[in-house]
Amino acid sequence: MPINPFRPAIELMVQYAQYHRDRRNIITHFIGIPLIVFAIGILAARPKLAFEAAGLSIELSAACLLWALSACWYLTRGNLVLGGATTLVNGALIAIAAPLAAGNFSSWLGWGLGSFVLGWVIQFVGHYYEGKKPAFVDDLVGLLVGPMFVVGEAMFAIGWGRSLLAEIERRAGPTYLRDLAQPQT
């Protein structure tokens with residue numbers, strides 16, 4: 001069965017939350033996901049696409065194009081505040097990453113791959129605490145939802161989106177600390 005990548009934010013957030021209820025896993029995502037976005041910003045900043053439009057020569061990095069495409073996706077999920085905040089955070093991470101792409105090849109590749117691998121290691125540590133596989137294993141759209149989930153969790157922590165959080169918890173359950181000594185039910 002094909003999975004629809006154009007579901008509303010609430011559906012995407014609930015599905016993602018079902019894989020992320022252990023608070024330790026959520027905390028690791030606050031580190032791992034930004035590192036992965038940062039790494040993609042580094043790795044995709046070096047390849048450039050050049051074209052001419054209206055007599056102007058324009059050069060855009062693949063990172064800028066990926067950011068623009070993801071921004072369109074986030075902003076059309078039905079929650080403009082969450083989509084806008086996610087777009088801004090991703091844009092900031094990509095902007096911070098861009099100078100690292102300007103260095104020599106080894107530096108660019110080292111920073112890019114190193115950040116990417118470290119981000120994923122942290123993610124998998126979190127899923128050890130969760131006792132569940134990452135969401136993207138069942139739905140690749142989870143790779144886009146991850147940054148939105150982290151931004152949403154940060155916004156919930158400062159008091160934004162109480163009704164969205166309540167609906168997520170109603171459908172996915174509250175967060176908890178899983179007892180690692182007990183088998184998962």
# chains A, B, ... in the order shown; residues from 1 in each chain; ligands from 1
$ residues_around --residues "Met13 (chain A)" --least-positions-apart "4" --cutoff "7 Å" --atoms "only C-alpha atoms" --output "MDAnalysis selection string"
chainID A and resid 9 17 149
$ atom_distance --atom1 "CA of Glu52 (chain A)" --atom2 "CA of Ala101 (chain A)"
23.5 Å
$ residues_around --residues "Gly41 (chain A)" --least-positions-apart "3" --cutoff "7 Å" --atoms "only C-alpha atoms" --output "list in words"
Val37, Phe38, Ala44, Ala45, Ala63, Ile94, Ala97 and Ala98 of chain A
$ residues_around --residues "region 106-121 of chain A" --least-positions-apart "5" --cutoff "8 Å" --atoms "only C-alpha atoms" --output "VMD selection string"
chain A and resid 31 to 36 38 to 40 42 to 43 100 to 101
$ write_last_selection --atoms "C-alpha atoms" --output "PDB file, in the first residue's frame"
ATOM      1  CA  ILE A  31      20.560  16.482  19.233  1.00  0.00           C
ATOM      2  CA  GLY A  32      20.526  13.851  16.485  1.00  0.00           C
ATOM      3  CA  ILE A  33      18.017  15.397  14.087  1.00  0.00           C
ATOM      4  CA  PRO A  34      19.594  18.874  14.008  1.00  0.00           C
ATOM      5  CA  LEU A  35      22.995  17.210  13.460  1.00  0.00           C
ATOM      6  CA  ILE A  36      21.589  15.271  10.510  1.00  0.00           C
ATOM      7  CA  PHE A  38      23.264  20.256   9.570  1.00  0.00           C
ATOM      8  CA  ALA A  39      25.194  17.415   7.886  1.00  0.00           C
ATOM      9  CA  ILE A  40      22.876  17.434   4.883  1.00  0.00           C
ATOM     10  CA  ILE A  42      27.178  20.657   4.590  1.00  0.00           C
ATOM     11  CA  LEU A  43      27.113  17.826   2.066  1.00  0.00           C
ATOM     12  CA  LEU A 100      31.963  24.232   6.071  1.00  0.00           C
ATOM     13  CA  ALA A 101      31.315  23.256   2.459  1.00  0.00           C
TER      14      ALA A 101
END
$ atom_distance --atom1 "CA of Tyr176 (chain A)" --atom2 "CA of Asp22 (chain A)"
5.0 Å
$ residues_around --residues "region 166-169 of chain A" --least-positions-apart "5" --cutoff "9 Å" --atoms "only C-alpha atoms" --output "PDB file with N, CA and C atoms, in the first residue's frame"
ATOM      1  N   ILE A  10      -1.075  17.022  11.678  1.00  0.00           N
ATOM      2  CA  ILE A  10      -1.539  16.260  12.840  1.00  0.00           C
ATOM      3  C   ILE A  10      -1.368  14.764  12.613  1.00  0.00           C
ATOM      4  N   GLU A  11      -1.704  14.283  11.425  1.00  0.00           N
ATOM      5  CA  GLU A  11      -1.559  12.852  11.131  1.00  0.00           C
ATOM      6  C   GLU A  11      -0.087  12.438  11.159  1.00  0.00           C
ATOM      7  N   MET A  13       2.411  13.973  12.714  1.00  0.00           N
ATOM      8  CA  MET A  13       2.954  14.089  14.077  1.00  0.00           C
ATOM      9  C   MET A  13       2.498  12.926  14.958  1.00  0.00           C
ATOM     10  N   VAL A  14       1.243  12.517  14.824  1.00  0.00           N
ATOM     11  CA  VAL A  14       0.740  11.388  15.621  1.00  0.00           C
ATOM     12  C   VAL A  14       1.475  10.110  15.233  1.00  0.00           C
ATOM     13  N   GLN A  15       1.595   9.858  13.933  1.00  0.00           N
ATOM     14  CA  GLN A  15       2.284   8.643  13.497  1.00  0.00           C
ATOM     15  C   GLN A  15       3.728   8.639  14.000  1.00  0.00           C
ATOM     16  N   ALA A  17       4.941  10.289  16.574  1.00  0.00           N
ATOM     17  CA  ALA A  17       4.934  10.197  18.040  1.00  0.00           C
ATOM     18  C   ALA A  17       4.744   8.757  18.510  1.00  0.00           C
ATOM     19  N   GLN A  18       4.052   7.950  17.752  1.00  0.00           N
ATOM     20  CA  GLN A  18       3.850   6.557  18.149  1.00  0.00           C
ATOM     21  C   GLN A  18       5.168   5.793  18.254  1.00  0.00           C
ATOM     22  N   GLY A 161       0.792  25.431  21.118  1.00  0.00           N
ATOM     23  CA  GLY A 161       0.163  24.250  20.529  1.00  0.00           C
ATOM     24  C   GLY A 161      -0.411  23.257  21.512  1.00  0.00           C
ATOM     25  N   PRO A 174       0.793   9.283  26.319  1.00  0.00           N
ATOM     26  CA  PRO A 174       1.704  10.251  26.937  1.00  0.00           C
ATOM     27  C   PRO A 174       3.155   9.777  26.829  1.00  0.00           C
ATOM     28  N   THR A 175       4.079  10.690  27.100  1.00  0.00           N
ATOM     29  CA  THR A 175       5.486  10.292  27.141  1.00  0.00           C
ATOM     30  C   THR A 175       5.750   9.575  28.467  1.00  0.00           C
TER      31      THR A 175
END
$ select_by_dssp --residues "region 29-163 of chain A" --states "strand (DSSP E)" --output "mmCIF file with N, CA and C atoms, in the first residue's frame"
data_model
loop_
_atom_site.group_PDB
_atom_site.id
_atom_site.type_symbol
_atom_site.label_atom_id
_atom_site.label_comp_id
_atom_site.auth_asym_id
_atom_site.auth_seq_id
_atom_site.Cartn_x
_atom_site.Cartn_y
_atom_site.Cartn_z
ATOM 1 N N LYS A 48 26.611 22.649 -6.909
ATOM 2 C CA LYS A 48 25.914 23.868 -7.338
ATOM 3 C C LYS A 48 25.190 23.618 -8.651
ATOM 4 N N LEU A 49 24.073 24.277 -8.768
ATOM 5 C CA LEU A 49 23.315 24.259 -10.010
ATOM 6 C C LEU A 49 23.320 25.685 -10.549
ATOM 7 N N ALA A 50 23.788 25.848 -11.759
ATOM 8 C CA ALA A 50 23.857 27.186 -12.352
ATOM 9 C C ALA A 50 22.887 27.265 -13.523
ATOM 10 N N PHE A 51 22.213 28.405 -13.624
ATOM 11 C CA PHE A 51 21.316 28.634 -14.756
ATOM 12 C C PHE A 51 21.140 30.127 -14.960
ATOM 13 N N GLU A 52 20.600 30.459 -16.098
ATOM 14 C CA GLU A 52 20.360 31.867 -16.425
ATOM 15 C C GLU A 52 18.860 32.099 -16.469
ATOM 16 N N ALA A 53 18.444 33.212 -15.867
ATOM 17 C CA ALA A 53 17.031 33.586 -15.869
ATOM 18 C C ALA A 53 16.948 35.099 -15.974
ATOM 19 N N LEU A 56 20.057 37.061 -15.913
ATOM 20 C CA LEU A 56 20.907 36.927 -14.723
ATOM 21 C C LEU A 56 21.484 35.527 -14.654
ATOM 22 N N SER A 57 22.715 35.446 -14.241
ATOM 23 C CA SER A 57 23.344 34.150 -14.016
ATOM 24 C C SER A 57 23.144 33.802 -12.540
ATOM 25 N N ILE A 58 22.466 32.698 -12.298
ATOM 26 C CA ILE A 58 22.116 32.304 -10.926
ATOM 27 C C ILE A 58 22.782 30.979 -10.595
ATOM 28 N N GLU A 59 23.362 30.907 -9.402
ATOM 29 C CA GLU A 59 23.969 29.674 -8.928
ATOM 30 C C GLU A 59 23.366 29.346 -7.567
ATOM 31 N N LEU A 60 22.763 28.181 -7.479
ATOM 32 C CA LEU A 60 22.158 27.727 -6.230
ATOM 33 C C LEU A 60 22.782 26.410 -5.809
ATOM 34 N N SER A 61 22.971 26.255 -4.517
ATOM 35 C CA SER A 61 23.477 24.976 -4.029
ATOM 36 C C SER A 61 22.333 23.986 -3.945
#
